[in-house]
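*Asks:* Before we start, here is the structure in question, set down as C-alpha cells.
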Amino acid sequence: MNKLLDRLPFRIELEPRLVQPPRWYPWVLSLLSVVVALLIGAIVLALAGGNPWASYAHIARASFGDIGVFSDTLVKAIPLMLVGLACTLAFRMKLWNIGAEGQFFIGAFGASAVVLLPVLPEDAPRWLFIITMIVFGMAAGAIWGFIPGFLKARFQVNEIISTLMLNYIAISWNNYFIFAIWSDGGFQMSKVFPRNAWMPRLTDYVDTIPMFRGLTTHFGLILALVAAVVVWLILYRSQWGYEIRLVGDNPRAAQYAGISITRNTVLVMMLSGALAGLAGMSEISGVVHRLQGAISPGYGFTGIIVAWLAKLNPIAVVPVSILFGALILAGREIQPSGIPKLLQGIILVSLIASDFLMRYRIRVHRKDLLKEAK
Amino acid sequence: MDPIIILQAGVSTGTVLLFATLGEIFAERAGVLNLGVEGMMLIGAMSAYSIAVYTGNPWLGLLVAMIVAGLFSQIHAFISITLQADQVVSGLSLGFLATGVSLVLGEGLSKAGTIPLIPTYTVPLLSQIPIIGPIFFTDQKVLVYLGYLLVPLCYYFINHTRPGLHLRSVGEYPAAADSLGINVYRLRYLYVFVGGLFAGLAGGTISLAISPGWFSELTTSGQGWIAIGLVIFAQWNPIRAAFGSYIFGALRRLVLDIQGPTMIFGLANPFYYNPYWGFFLQMLPYAFTIIVLVIGSREAIRKRLGSPSALGVPYIRGERGL
Amino acid sequence: MDQPTPSSPAEIVVQMCGIVKHFPGVLANDHVDFELRKGEIHALLGENGAGKSTLMNILAGLYHPDGGSILVNGKPVSFSSPRQAIQAGIGMIHQHFMLVPSQTVAENILLGLDEPRFFMQLSKYEQEIAKLSERFGLKVDPRAHVWQLSVGEQQRVEILKMLYRGANILIMDEPTAVLAPTEVDELFNTLRAMVAQGKSIIFISHKLHEVSQIADRVSVLRRGVSTASGVETRSMTKTDLARLMVGREVIFSLEKNPCQPGKVVLQLEDLWAENDKGLKALRGLSLQVRQGEIVGLAGVAGNGQRELADVITGLRKAEKGRVLVDGDDITNRSVKTGIHHGVSHIPEDRTHVGSAPNLSVTDNVIMKKYKHAPIARGWMMNAIAATNYASELKQAYEIIAPNLETPVRLLSGGNLQRVILAREISSQPALMIAMQPTRGLDVGAIEGVHRLLLAQRDAGAAVLLISEELEELIDLSDRVVVIYEGAIMGEVANGNIQHIGLMMTGVRQDQLADHMEAAHE
C-alpha cells in the first residue's frame, strides 16, 4: 500500500485545520456527502439487481412530482421534524437519546388516552381536544424521557441502552392497550377518534379554497415549525440553551461554571421526550386518527439521522426532514423493502465520515517540487 | 414450567448474548465502543442463514457470518479510529447500515424452506451429574459448548497473556502503548474486527441453532443492545459476562414458559387466564436490562471501577502538540 | 555527512544534522543540529514551545522529520516507530508518564516487548526487574499497581522501563517538573550513576539552575532554531544561557509593590476531603489568605493541592471542616455560591476544565456572567451585550483570535490562558485561586500572567497561588506555605528554598531546626 502511494506523482497530506472553515463549508460538505451516499447507494442497488436510476427517479416523482404527493411528503416530514428536534436538543448536550421511537409511541398513547380513557367527552370542542391531546402527548413523552434522564443523573446509567430498552417496553405497553383494553371489535386497533379530535387538514378547507382538495397536510406542520423556532431560541438565545451547549461541549467546564449537570440532564431528556411525544400525538391526531400498532416506520431512528444531517441546527432540521420524508414516502413502494433503511444508513455513514474534513484539510503536494527543495 | 428446562434453555439462548457480549468486551477493552452490535448480529444471522440455504452447510454459514460481520465492523473502525469521529454516532450509523443491508439481501429468505441446522450433543458422563448435567451438558447445541470454552479462554487471554496486556493498555492509555512501539491503530482495528466476528457468530447462532429462521429485524429483537448493556454489567470481564448472559437467556425462556401452565405455585396462573398480560412479560428482559445497568453502575461507583479509561476517545498521536 | 573525527575525545553516539519538522502553522525545528557523546549528560535547554520535545520525539521515533539526517553510533537511521528507536538503544522518558495506571509495575515494564512471547509468567520477570532496580538504585515494588505509586516512584518505573529494554541513550523530558527538591537530588544521583555505567543522557529542561548543576554540555533551542550546540556548561553563566534561550536580557526579579494585607478573605478551618480514588487527600488543613496578598502554596504534585482548590470552589465535598469567604460559611455549598461570593478560579487544566474547546471565544468568556445583566435578559441572553463584553475583554487582555466566533480549541496555549484570565479577573474577584497559571506558557506569556496576578493583589484581591514551580512561588508570593499529604507543614516569608524543600518532604516547621542540624552533621 505504501509503495503504491510512493509511486504517485504527488503526495497527499492531512493537516488539522487551524482556522475555522467558512460558513458555507459545512453545508456544502453535507450536501456532497449525501450525493456520495446516493452514488454508493446506486452501486449497492445495482449489485442487488435493481435499477438505481429508476429507483431514484421514482423516489423523486413519488415525493415531489405534484402538489398532492408533496403534501404527502410533508405529512411524513412532520413527525421527522419533531423527532429530529428532540434528538437535536438531546445530542447538543451529548445525551444520546435514541429512545425517540419509544417516546413517540408513548406520546401517541398519551394523546389517545384523551379520547379513549376518555379524558374529554366526545362532543368537546376541537380546540380543547387538540390542546389537551398536545398536553397529554407531550407529558407522556416527557415521562418516558424522564426515566432515562433520572437514571443517568442519579445512577449514571448509560442512556443509550436505557432509552433503547424503553423503546421495546413502550411498544409492548401500547400493544397491551391496543389488544386488550381499547381493541375495537377484536381488531388490533382502537376505534376511530371522533372528528373533533382530528387536527385540521388542508383538505378540510376545500370549501373555501378548492385547491386544497385531497391535501392531507395537517396542523402538525405548524406545531413542528413552531417547535423548530422554539428549540432554536432555547439553544442559541436562552441561558438554559447556553448551559446545554456548555455541558455538551465540556461537562467539567460546566460544573466549574456552577451549572448543575444532573438537573439539566433530567430537564433536557424530558423536553426531548416531550418533543418526540408531540410527534406521536401529531401522527395520531393528524394522520392515523386511532391508536394502532403500526404508526411509525422508524421515525424515532430516522430522527437521529435527520438531527445529524442538520448539524444539530434546529432550523436545518426542517428541510432535512422533508428530504427524508420523501425517502420514506417513496420508499414504501420500492422493492426490496429494506432499501430506504439501507439508503439512510449509507447517508449517515458518509455524513459522519465527512465530518473529518471539518477538522482536517487535505493537501496535495507535487513530489518533484519537494525533491527540488531538498 | 420445569426450572431445569428453563435453565437449560437459558444457557442455550444465553449463548447468543454471550458471544455478542464477549465480542463487545474485546472492542471496548481496546477503547472502541461499537454500538453496531445489533446490526452486525443481524447481518450475521442473514448471511449464515442464506449460506446454509444455498450450500446446505450450516458450518460454512457460521464462518461466512463471522467474516461478513467482521468486515462490516471495519466500517466503524475506519470512521471512528482513522477519521476520529464520535464512536457513538459512528456505531449507530454502522447499525443502520448493517440493518439496511440485511433487510435488502434477506428479502424472501424467510420462505427458504427447511435447512440443516447446527447439531446438538450430549456430553457423556458430565450429563449424568445431577442438576448441572441436564442444565449444561444435555442436548445442547454444539455452539453452547463452544461458549463454555470461550469464556475461560477470553478471560485468560485478556488478563494473562502478552497480546492481552497490549489490548488492555491500548484501551487504558494508548499514548503509553504507542510510546513503546505498539501500533494502537492496528490493535484497535483488530479488536473491532474480533468484536465483529463474535457478533456475526452470535447472529449465526440465532438463525442456525437457537431460534432457526430469518424474521428480518425480529431475528435479533434487541439482543445486540442487551449485550452492550451486559458488557457494563459484566464490568468488561468475560466470566461475569457469562453469568449475565445465561441469566438473561433463562429470563427470556421464563417469559415464554410462564404463560403455559394453568397453575403456578398452587395458584391460578394469571398469565394463563389473561393472555394479554403477556405484553408485560415481554417487557421483562428489557426492563431487567435497565435494572442490571443500575446495579452495575452502582457497584462500579462504589468500587470505583470504571470503563477502560480511553473508551470512546479517538487516539491522535502527538495531540499535545509540540 | 559529517563523520566523527578520530581525534574527538569521546565517542559520539547520536548525531542529528539539519533536522526540520513542520507542524501546521509552525516550523517546530528549523535545521537543528544536535550531538550526544557517550557517557555525558547533555542538557537541551529552551522555553516551552521552542521545539525541544519535538526534536527529541523525532530521535525517539515518535515523529518523522521532514528533513535532516540522524546517525546513531555512526550509522544512519530513520525510525518509523518508537520500537525501532528502542531497538537502537534510545529510550525516552516523557514529561507525562507513559504508564498504564491500572496495571502493575512489571506489566508496564514488559509492555510492548517480544518476550514473554505469549503467557505472562510474571514472577520470573518480577525478579529480573527487582535485580535491575537494585543495580541502579531505583527502588520500586514490581508488583505494585502504578496508580498506587508516588510521582517519584512512577518516574523510577519509567527509567527502569527503558533500562530493561537495554537503552543506552536516555532522553528525559523535564524530569524534575514533578519532583520535590530532595527527590530532584535523588534523581540527579541516579543520573550520575547511570552515566558512570556508560549510559548517555539527554536532559530536557527550561530551568537554568538545573542545567548548570547536572549537565556536562548544553544545547539551546529558541523558536525551533538552535542557538547553541554542545557548549560546555562550565563555560556558561546563567545569564548567558538565559539570553540564548529567550533572545534578550531577562529580568530575574519581578518589580513588586510592598504587600499591604487587609482583612482575612479566605479562612480554612480543619478541612478534610477525599480524592477521586477515595483516599484522604486533605487531612485537617487550615489556612488564611488576606486581602491584598498573594499566598503561595508549595508542594509536590498530588499532595492535595487540586482537592484543596476543588473544595474551596465547591467542586468537591469536604468531609469535615469549614471554608469561610469574607466570614460567610460556604462549605459544601454549590459552585454558584462561591462565584457569588467573589471566588474566581484559574484551573490547573485549561482545556479540560477551564474552557469549552468547541465553543466560541464569546461563549467562553461569559461562562460566569451569563446569568447577570446586561448579558442576561429575563430567561434570554442578549447576544449583542455578550459580543460587546467579549470584544472588550479581547482588547483589554490582548487575546489573539481571528474573531470572537472562533472556537477556543484553535487558540494557542497562551491565548487560551488569557481567555481564562480575562474571564476570571474581569469579575473583580475577592478571592482568586490560581492553580499552575503559567504551566506550559512561554516566557513572554508567563511575565504577562505574573503581572496580571500582581495587579489583582494590588487591587485588593486575596490570591492563593498553587504552583509546582518553586521560583515562581517565591518570586510572586508574599508568603509561601507548604502542603504535604493534605496538611500545611509551615510558612516561609523570606523565600528560604531549603526550608521549603524540607517541608515539601513532610518535615513540620517546628522540626526544621532538628533536621537542619542533622543535615550538617
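Just remember, in the C-alpha cells the first chain shown is A, the second B, etc., residues are 1-based per chain, and ligands are 1-based in the order shown.
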Determine which residues of chain A sit within 6 Å of chain B, taking into account only C-alpha atoms, and present them as an MDAnalysis selection string.
*Replies:* chainID A and resid 157 162 165 169 172 176 336 338 341:342 345:346 348:349 353 356
*Asks:* Taking only C-alpha atoms into account and nothing else, which residues of chain B lie no more than 7 Å away from chain C? Please answer as a VMD selection string.
*Replies:* chain B and resid 160 to 163 165 to 166 169 172 to 173 175 to 176 179 to 182 304 322
*Asks:* For the selection you just gave me, I'd like the residues written to a file as a PDB file, in the first residue's frame, keeping C-alpha atoms.
*Replies:*
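Once everything was written out, this is result13.pdb:
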```pdb
ATOM      1  CA  HIS B 160      -2.606 -13.239  31.466  1.00  0.00           C
ATOM      2  CA  THR B 161      -1.104 -13.084  28.012  1.00  0.00           C
ATOM      3  CA  ARG B 162       1.099 -10.659  26.179  1.00  0.00           C
ATOM      4  CA  PRO B 163      -1.445  -9.759  23.483  1.00  0.00           C
ATOM      5  CA  LEU B 165      -1.662  -6.903  28.045  1.00  0.00           C
ATOM      6  CA  HIS B 166      -1.329  -4.952  24.818  1.00  0.00           C
ATOM      7  CA  SER B 169      -3.038  -0.889  27.527  1.00  0.00           C
ATOM      8  CA  GLU B 172      -6.451   2.287  29.087  1.00  0.00           C
ATOM      9  CA  TYR B 173      -3.629   4.544  27.944  1.00  0.00           C
ATOM     10  CA  ALA B 175      -0.195   7.001  24.384  1.00  0.00           C
ATOM     11  CA  ALA B 176       1.828   4.715  26.670  1.00  0.00           C
ATOM     12  CA  SER B 179       5.452   5.172  23.052  1.00  0.00           C
ATOM     13  CA  LEU B 180       6.600   1.574  23.375  1.00  0.00           C
ATOM     14  CA  GLY B 181       6.049   0.818  19.737  1.00  0.00           C
ATOM     15  CA  ILE B 182       2.661  -0.880  19.995  1.00  0.00           C
ATOM     16  CA  ARG B 304     -14.564   2.934  41.871  1.00  0.00           C
ATOM     17  CA  LEU B 322       4.851  20.477  20.115  1.00  0.00           C
TER      18      LEU B 322
END
```
*Asks:* With a cut-off of 7 Å and counting only C-alpha atoms, select all residues of chain C in contact with chain A and give the selection as a ChimeraX atom specification.
*Replies:* /C:24,315,334-336,352-356,358,367-368,370-371,379-381,406,410
*Asks:* Restricting the output to C-alpha atoms, write the selected residues as a short mmCIF file (atom, residue, chain, number, x, y, z; two decimals), in the first residue's frame.
*Replies:*
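Ended up saving to result_8.cif:
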```
data_model
loop_
_atom_site.label_atom_id
_atom_site.label_comp_id
_atom_site.auth_asym_id
_atom_site.auth_seq_id
_atom_site.Cartn_x
_atom_site.Cartn_y
_atom_site.Cartn_z
CA PRO C 24 0.59 23.02 10.60
CA LEU C 315 -16.40 21.35 43.08
CA SER C 334 -22.65 24.97 45.26
CA VAL C 335 -20.11 26.36 42.84
CA LYS C 336 -22.55 29.18 42.21
CA HIS C 352 -10.39 20.00 30.18
CA VAL C 353 -11.76 22.15 32.99
CA GLY C 354 -11.25 25.80 32.24
CA SER C 355 -12.75 26.08 28.80
CA ALA C 356 -15.25 24.60 26.38
CA ASN C 358 -15.60 23.87 20.63
CA MET C 367 -19.18 31.45 31.40
CA LYS C 368 -19.63 33.14 34.76
CA TYR C 370 -24.36 34.72 31.51
CA LYS C 371 -26.85 34.93 34.33
CA TRP C 379 -34.54 33.92 30.66
CA MET C 380 -32.97 35.02 27.41
CA MET C 381 -29.47 36.15 26.64
CA THR C 406 -13.53 31.21 16.74
CA LEU C 410 -7.94 26.80 17.80
#
```
*Asks:* If I take CA of Ala100 (chain A) and CA of Gln235 (chain B), how far is one from the other in Å, to one decimal?
*Replies:* 27.6 Å
*Asks:* Name the residues of region 114-233 of chain A that come out as alpha helix (DSSP H) in a backbone DSSP run; write them as a PyMOL selection string.
*Replies:* chain A and resi 114-116+126-155+159-176+220-233
*Asks:* Can you pull out the residues contacting Val32 (chain C)? Cut-off 8 Å, using only C-alpha atoms, and skip same-chain residues under 5 positions away; I want them as a list of chain:residue names.
*Replies:*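 Once the nearby chain positions are removed, what remains is C:Met16, C:Cys17, C:Gly18, C:Ile19, C:Val20, C:Gly224, C:Val225, C:Ser226.
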*Asks:* Work out how far apart CA of Ala241 (chain B) and CA of Leu22 (chain B) are and give it in Å to one decimal.
*Replies:*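 Those two atoms sit 7.1 Å apart.
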*Asks:* Quick one: of B:Ala250, B:Ile25, B:Ala77, B:Met66, who's nearest to Phe233 (chain B), counting only C-alpha atoms?
*Replies:*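 Closest to Phe233 (chain B) of all the choices is B:Ile25.
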*Asks:* To test your reading of the structure, identify every residue in region 232-434 of chain C that backbone DSSP assigns to strand (DSSP E), and report it as a PyMOL selection string.
*Replies:* chain C and resi 232+264-274+280-290+294-298+320-325+328-329+343-346+376-377+380-381+431-434
*Asks:* May I have the residues within 10 Å of Leu282 (chain C) as a list of chain:residue names, using only C-alpha atoms and disregarding those fewer than 2 positions away in the same chain?
*Replies:*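 Result of the neighbour search: C:Asp270, C:Leu271, C:Trp272, C:Ala273, C:Glu274, C:Asn275, C:Leu279, C:Lys280, C:Gly284, C:Leu285, C:Ser286, C:Asn303, C:Gly304, C:Gln305, C:Arg306, C:Glu307, C:Leu308, C:Val311, C:Ala318, C:Glu319, C:Lys320, C:Ile483, C:Tyr484, C:Glu485, C:Gly486, C:Ala487, C:Ile488.
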*Asks:* The selected residues should be written to file as a tab-separated table (two decimals), in the first residue's frame (atoms: N, CA and C atoms).
*Replies:*
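What ended up in again_27.tsv:
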```tsv
chain	number	residue	atom	x	y	z
C	270	ASP	N	-9.54	23.31	59.50
C	270	ASP	CA	-9.53	21.86	59.69
C	270	ASP	C	-10.27	21.12	58.57
C	271	LEU	N	-9.84	21.36	57.34
C	271	LEU	CA	-10.50	20.75	56.18
C	271	LEU	C	-10.05	19.31	55.96
C	272	TRP	N	-11.03	18.44	55.73
C	272	TRP	CA	-10.76	17.05	55.35
C	272	TRP	C	-11.52	16.75	54.06
C	273	ALA	N	-10.87	16.05	53.15
C	273	ALA	CA	-11.57	15.67	51.90
C	273	ALA	C	-10.88	14.47	51.28
C	274	GLU	N	-11.64	13.80	50.44
C	274	GLU	CA	-11.11	12.63	49.74
C	274	GLU	C	-10.75	12.98	48.30
C	275	ASN	N	-9.83	12.21	47.72
C	275	ASN	CA	-9.55	12.39	46.29
C	275	ASN	C	-10.44	11.46	45.48
C	279	LEU	N	-9.22	8.08	48.65
C	279	LEU	CA	-8.21	8.17	49.70
C	279	LEU	C	-8.23	9.59	50.28
C	280	LYS	N	-7.79	9.70	51.52
C	280	LYS	CA	-7.77	11.02	52.16
C	280	LYS	C	-6.77	11.92	51.44
C	284	GLY	N	-7.10	17.78	57.69
C	284	GLY	CA	-7.09	18.84	58.69
C	284	GLY	C	-6.29	20.05	58.27
C	285	LEU	N	-6.57	20.55	57.08
C	285	LEU	CA	-5.81	21.70	56.58
C	285	LEU	C	-6.44	22.99	57.05
C	286	SER	N	-5.61	23.90	57.56
C	286	SER	CA	-6.09	25.23	57.95
C	286	SER	C	-5.20	26.27	57.31
C	303	ASN	N	-0.25	16.23	46.53
C	303	ASN	CA	-0.33	16.27	47.99
C	303	ASN	C	-1.61	16.95	48.47
C	304	GLY	N	-2.57	17.07	47.59
C	304	GLY	CA	-3.86	17.62	47.99
C	304	GLY	C	-4.14	19.00	47.43
C	305	GLN	N	-3.24	19.51	46.57
C	305	GLN	CA	-3.45	20.87	46.03
C	305	GLN	C	-4.73	20.94	45.22
C	306	ARG	N	-4.90	19.96	44.31
C	306	ARG	CA	-6.07	20.01	43.44
C	306	ARG	C	-7.34	19.89	44.26
C	307	GLU	N	-7.33	18.97	45.22
C	307	GLU	CA	-8.51	18.77	46.04
C	307	GLU	C	-8.82	20.03	46.85
C	308	LEU	N	-7.77	20.72	47.29
C	308	LEU	CA	-7.98	21.95	48.05
C	308	LEU	C	-8.69	22.99	47.18
C	311	VAL	N	-12.28	22.00	46.75
C	311	VAL	CA	-13.14	22.18	47.92
C	311	VAL	C	-13.48	23.66	48.10
C	318	ALA	N	-16.27	18.65	51.12
C	318	ALA	CA	-15.39	18.48	52.26
C	318	ALA	C	-16.08	17.53	53.23
C	319	GLU	N	-15.32	16.65	53.87
C	319	GLU	CA	-15.94	15.74	54.82
C	319	GLU	C	-16.07	16.39	56.19
C	320	LYS	N	-15.13	17.29	56.45
C	320	LYS	CA	-15.10	17.94	57.75
C	320	LYS	C	-14.47	19.29	57.57
C	483	ILE	N	2.41	22.52	51.56
C	483	ILE	CA	1.44	21.45	51.80
C	483	ILE	C	2.14	20.12	51.63
C	484	TYR	N	1.83	19.19	52.54
C	484	TYR	CA	2.36	17.84	52.42
C	484	TYR	C	1.28	16.88	52.92
C	485	GLU	N	0.92	15.91	52.09
C	485	GLU	CA	-0.13	14.96	52.43
C	485	GLU	C	-1.36	15.62	53.02
C	486	GLY	N	-1.78	16.69	52.41
C	486	GLY	CA	-3.05	17.29	52.77
C	486	GLY	C	-3.05	18.15	54.01
C	487	ALA	N	-1.88	18.48	54.52
C	487	ALA	CA	-1.83	19.37	55.68
C	487	ALA	C	-0.73	20.40	55.45
C	488	ILE	N	-0.87	21.54	56.15
C	488	ILE	CA	0.12	22.60	56.00
C	488	ILE	C	1.29	22.32	56.96
```
*Asks:* Which polymer residues have any atom within 8 Å of an atom of region 149-154 of chain C, counting only C-alpha atoms, with same-chain residues fewer than 4 positions away left out, as a PyMOL selection string?
*Replies:* chain C and resi 97+99+139-140+144-145+158+178-179+183+301-302
*Asks:* Write a file of the selected residues as a CSV table (one decimal), in the first residue's frame, keeping N, CA and C atoms.
*Replies:*
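Printed below is part-v2.csv as written:
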```csv
chain,number,residue,atom,x,y,z
C,97,PHE,N,4.0,10.9,32.2
C,97,PHE,CA,4.4,9.5,32.3
C,97,PHE,C,3.6,8.6,31.4
C,99,LEU,N,2.6,5.5,31.6
C,99,LEU,CA,2.4,4.3,32.4
C,99,LEU,C,0.9,4.1,32.4
C,139,LYS,N,14.6,2.1,43.6
C,139,LYS,CA,13.7,1.2,44.4
C,139,LYS,C,12.3,1.3,44.1
C,140,VAL,N,11.7,0.2,43.7
C,140,VAL,CA,10.2,0.2,43.5
C,140,VAL,C,9.8,-1.3,43.5
C,144,ALA,N,3.5,-3.7,42.6
C,144,ALA,CA,2.5,-2.7,42.9
C,144,ALA,C,1.9,-2.2,41.6
C,145,HIS,N,0.6,-1.7,41.8
C,145,HIS,CA,-0.1,-1.1,40.7
C,145,HIS,C,0.4,0.3,40.5
C,158,GLU,N,9.5,4.5,35.0
C,158,GLU,CA,9.8,4.9,33.6
C,158,GLU,C,11.3,4.7,33.2
C,178,VAL,N,8.0,17.5,38.3
C,178,VAL,CA,7.0,17.0,39.2
C,178,VAL,C,7.6,16.6,40.6
C,179,LEU,N,8.9,16.9,40.8
C,179,LEU,CA,9.6,16.3,42.0
C,179,LEU,C,9.8,17.4,43.0
C,183,GLU,N,13.8,15.0,46.1
C,183,GLU,CA,13.7,13.9,45.1
C,183,GLU,C,14.5,14.3,43.9
C,301,ALA,N,3.4,17.6,43.5
C,301,ALA,CA,2.1,17.3,42.9
C,301,ALA,C,1.5,16.2,43.6
C,302,GLY,N,0.2,16.2,43.8
C,302,GLY,CA,-0.5,15.1,44.4
C,302,GLY,C,-0.6,15.1,45.9
```
*Asks:* Please provide as a ChimeraX atom specification all residues within 12 Å of Phe193 (chain B), with the sequence filter that same-chain residues fewer than 4 positions apart are discarded (counting only C-alpha atoms).
*Replies:* /B:23-24,26-28,30,32,34,37,40,66-78,186-189,197-200
*Asks:* Could you write out the selected residues, including N, CA and C atoms, as a PDB file, in the first residue's frame?
*Replies:*
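Result saved to part-v3.pdb:
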```
ATOM      1  N   GLY B  23     -17.600 -10.369  22.344  1.00  0.00           N
ATOM      2  CA  GLY B  23     -17.041  -9.583  21.244  1.00  0.00           C
ATOM      3  C   GLY B  23     -16.946  -8.117  21.606  1.00  0.00           C
ATOM      4  N   GLU B  24     -18.027  -7.600  22.208  1.00  0.00           N
ATOM      5  CA  GLU B  24     -18.031  -6.188  22.569  1.00  0.00           C
ATOM      6  C   GLU B  24     -17.009  -5.905  23.678  1.00  0.00           C
ATOM      7  N   PHE B  26     -14.105  -7.261  23.906  1.00  0.00           N
ATOM      8  CA  PHE B  26     -12.817  -7.088  23.234  1.00  0.00           C
ATOM      9  C   PHE B  26     -12.708  -5.687  22.638  1.00  0.00           C
ATOM     10  N   ALA B  27     -13.739  -5.272  21.917  1.00  0.00           N
ATOM     11  CA  ALA B  27     -13.683  -3.959  21.271  1.00  0.00           C
ATOM     12  C   ALA B  27     -13.546  -2.857  22.316  1.00  0.00           C
ATOM     13  N   GLU B  28     -14.333  -2.963  23.397  1.00  0.00           N
ATOM     14  CA  GLU B  28     -14.312  -1.890  24.388  1.00  0.00           C
ATOM     15  C   GLU B  28     -13.025  -1.902  25.191  1.00  0.00           C
ATOM     16  N   ALA B  30     -10.271  -2.461  24.017  1.00  0.00           N
ATOM     17  CA  ALA B  30      -9.301  -1.778  23.168  1.00  0.00           C
ATOM     18  C   ALA B  30      -9.643  -0.295  23.024  1.00  0.00           C
ATOM     19  N   VAL B  32     -12.685   0.998  21.938  1.00  0.00           N
ATOM     20  CA  VAL B  32     -13.655   1.360  20.907  1.00  0.00           C
ATOM     21  C   VAL B  32     -15.041   0.844  21.281  1.00  0.00           C
ATOM     22  N   ASN B  34     -18.577   0.017  20.239  1.00  0.00           N
ATOM     23  CA  ASN B  34     -19.253  -0.264  18.965  1.00  0.00           C
ATOM     24  C   ASN B  34     -20.725  -0.518  19.217  1.00  0.00           C
ATOM     25  N   VAL B  37     -23.579  -3.499  17.308  1.00  0.00           N
ATOM     26  CA  VAL B  37     -23.665  -4.931  17.562  1.00  0.00           C
ATOM     27  C   VAL B  37     -24.956  -5.530  16.996  1.00  0.00           C
ATOM     28  N   MET B  40     -24.719  -5.823  13.302  1.00  0.00           N
ATOM     29  CA  MET B  40     -23.767  -6.864  12.895  1.00  0.00           C
ATOM     30  C   MET B  40     -24.340  -8.252  13.154  1.00  0.00           C
ATOM     31  N   MET B  66     -19.457 -14.822  10.364  1.00  0.00           N
ATOM     32  CA  MET B  66     -18.413 -14.157  11.148  1.00  0.00           C
ATOM     33  C   MET B  66     -17.608 -13.208  10.266  1.00  0.00           C
ATOM     34  N   ILE B  67     -17.242 -13.696   9.082  1.00  0.00           N
ATOM     35  CA  ILE B  67     -16.398 -12.865   8.223  1.00  0.00           C
ATOM     36  C   ILE B  67     -17.159 -11.616   7.764  1.00  0.00           C
ATOM     37  N   VAL B  68     -18.407 -11.810   7.364  1.00  0.00           N
ATOM     38  CA  VAL B  68     -19.177 -10.662   6.869  1.00  0.00           C
ATOM     39  C   VAL B  68     -19.349  -9.618   7.978  1.00  0.00           C
ATOM     40  N   ALA B  69     -19.734 -10.078   9.169  1.00  0.00           N
ATOM     41  CA  ALA B  69     -19.918  -9.123  10.275  1.00  0.00           C
ATOM     42  C   ALA B  69     -18.583  -8.480  10.626  1.00  0.00           C
ATOM     43  N   GLY B  70     -17.516  -9.273  10.571  1.00  0.00           N
ATOM     44  CA  GLY B  70     -16.186  -8.730  10.854  1.00  0.00           C
ATOM     45  C   GLY B  70     -15.839  -7.626   9.868  1.00  0.00           C
ATOM     46  N   LEU B  71     -16.106  -7.863   8.604  1.00  0.00           N
ATOM     47  CA  LEU B  71     -15.798  -6.849   7.593  1.00  0.00           C
ATOM     48  C   LEU B  71     -16.647  -5.599   7.806  1.00  0.00           C
ATOM     49  N   PHE B  72     -17.916  -5.812   8.147  1.00  0.00           N
ATOM     50  CA  PHE B  72     -18.763  -4.651   8.403  1.00  0.00           C
ATOM     51  C   PHE B  72     -18.238  -3.823   9.568  1.00  0.00           C
ATOM     52  N   SER B  73     -17.737  -4.522  10.574  1.00  0.00           N
ATOM     53  CA  SER B  73     -17.246  -3.787  11.748  1.00  0.00           C
ATOM     54  C   SER B  73     -16.121  -2.836  11.344  1.00  0.00           C
ATOM     55  N   GLN B  74     -15.432  -3.145  10.256  1.00  0.00           N
ATOM     56  CA  GLN B  74     -14.304  -2.313   9.865  1.00  0.00           C
ATOM     57  C   GLN B  74     -14.752  -0.944   9.348  1.00  0.00           C
ATOM     58  N   ILE B  75     -16.022  -0.845   8.959  1.00  0.00           N
ATOM     59  CA  ILE B  75     -16.544   0.480   8.594  1.00  0.00           C
ATOM     60  C   ILE B  75     -16.506   1.379   9.826  1.00  0.00           C
ATOM     61  N   HIS B  76     -16.990   0.818  10.917  1.00  0.00           N
ATOM     62  CA  HIS B  76     -16.961   1.570  12.181  1.00  0.00           C
ATOM     63  C   HIS B  76     -15.518   1.856  12.584  1.00  0.00           C
ATOM     64  N   ALA B  77     -14.662   0.866  12.417  1.00  0.00           N
ATOM     65  CA  ALA B  77     -13.259   1.053  12.781  1.00  0.00           C
ATOM     66  C   ALA B  77     -12.673   2.207  11.978  1.00  0.00           C
ATOM     67  N   PHE B  78     -12.931   2.207  10.684  1.00  0.00           N
ATOM     68  CA  PHE B  78     -12.363   3.257   9.841  1.00  0.00           C
ATOM     69  C   PHE B  78     -12.880   4.635  10.272  1.00  0.00           C
ATOM     70  N   ARG B 186      -3.610  -0.266  14.703  1.00  0.00           N
ATOM     71  CA  ARG B 186      -3.772  -1.626  14.197  1.00  0.00           C
ATOM     72  C   ARG B 186      -4.512  -2.485  15.218  1.00  0.00           C
ATOM     73  N   LEU B 187      -4.109  -2.361  16.489  1.00  0.00           N
ATOM     74  CA  LEU B 187      -4.766  -3.187  17.505  1.00  0.00           C
ATOM     75  C   LEU B 187      -6.237  -2.827  17.635  1.00  0.00           C
ATOM     76  N   ARG B 188      -6.551  -1.551  17.554  1.00  0.00           N
ATOM     77  CA  ARG B 188      -7.965  -1.163  17.677  1.00  0.00           C
ATOM     78  C   ARG B 188      -8.768  -1.708  16.503  1.00  0.00           C
ATOM     79  N   TYR B 189      -8.214  -1.586  15.311  1.00  0.00           N
ATOM     80  CA  TYR B 189      -8.888  -2.193  14.151  1.00  0.00           C
ATOM     81  C   TYR B 189      -9.096  -3.684  14.403  1.00  0.00           C
ATOM     82  N   LEU B 197     -16.476 -10.387  14.474  1.00  0.00           N
ATOM     83  CA  LEU B 197     -16.516 -11.847  14.329  1.00  0.00           C
ATOM     84  C   LEU B 197     -17.484 -12.457  15.339  1.00  0.00           C
ATOM     85  N   PHE B 198     -17.346 -12.022  16.581  1.00  0.00           N
ATOM     86  CA  PHE B 198     -18.201 -12.571  17.640  1.00  0.00           C
ATOM     87  C   PHE B 198     -19.666 -12.215  17.391  1.00  0.00           C
ATOM     88  N   ALA B 199     -19.921 -10.973  16.967  1.00  0.00           N
ATOM     89  CA  ALA B 199     -21.310 -10.572  16.717  1.00  0.00           C
ATOM     90  C   ALA B 199     -21.888 -11.395  15.574  1.00  0.00           C
ATOM     91  N   GLY B 200     -21.064 -11.638  14.549  1.00  0.00           N
ATOM     92  CA  GLY B 200     -21.510 -12.471  13.440  1.00  0.00           C
ATOM     93  C   GLY B 200     -21.823 -13.883  13.914  1.00  0.00           C
TER      94      GLY B 200
END
```
*Asks:* Excluding Glu468 (chain C) and its own-chain neighbours fewer than 2 positions away, which residues fall within 10 Å of it when counting only C-alpha atoms? Please give them as a ChimeraX atom specification.
*Replies:* /C:177-180,296-301,305,435-436,439,465-466,470-473
*Asks:* Pick out the closest residue to Gly10 (chain B) from this set: B:Leu143, B:Leu254, B:Ala268, B:Ala310. Count only C-alpha atoms.
*Replies:*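 For Gly10 (chain B), the nearest of the given residues is B:Leu254.
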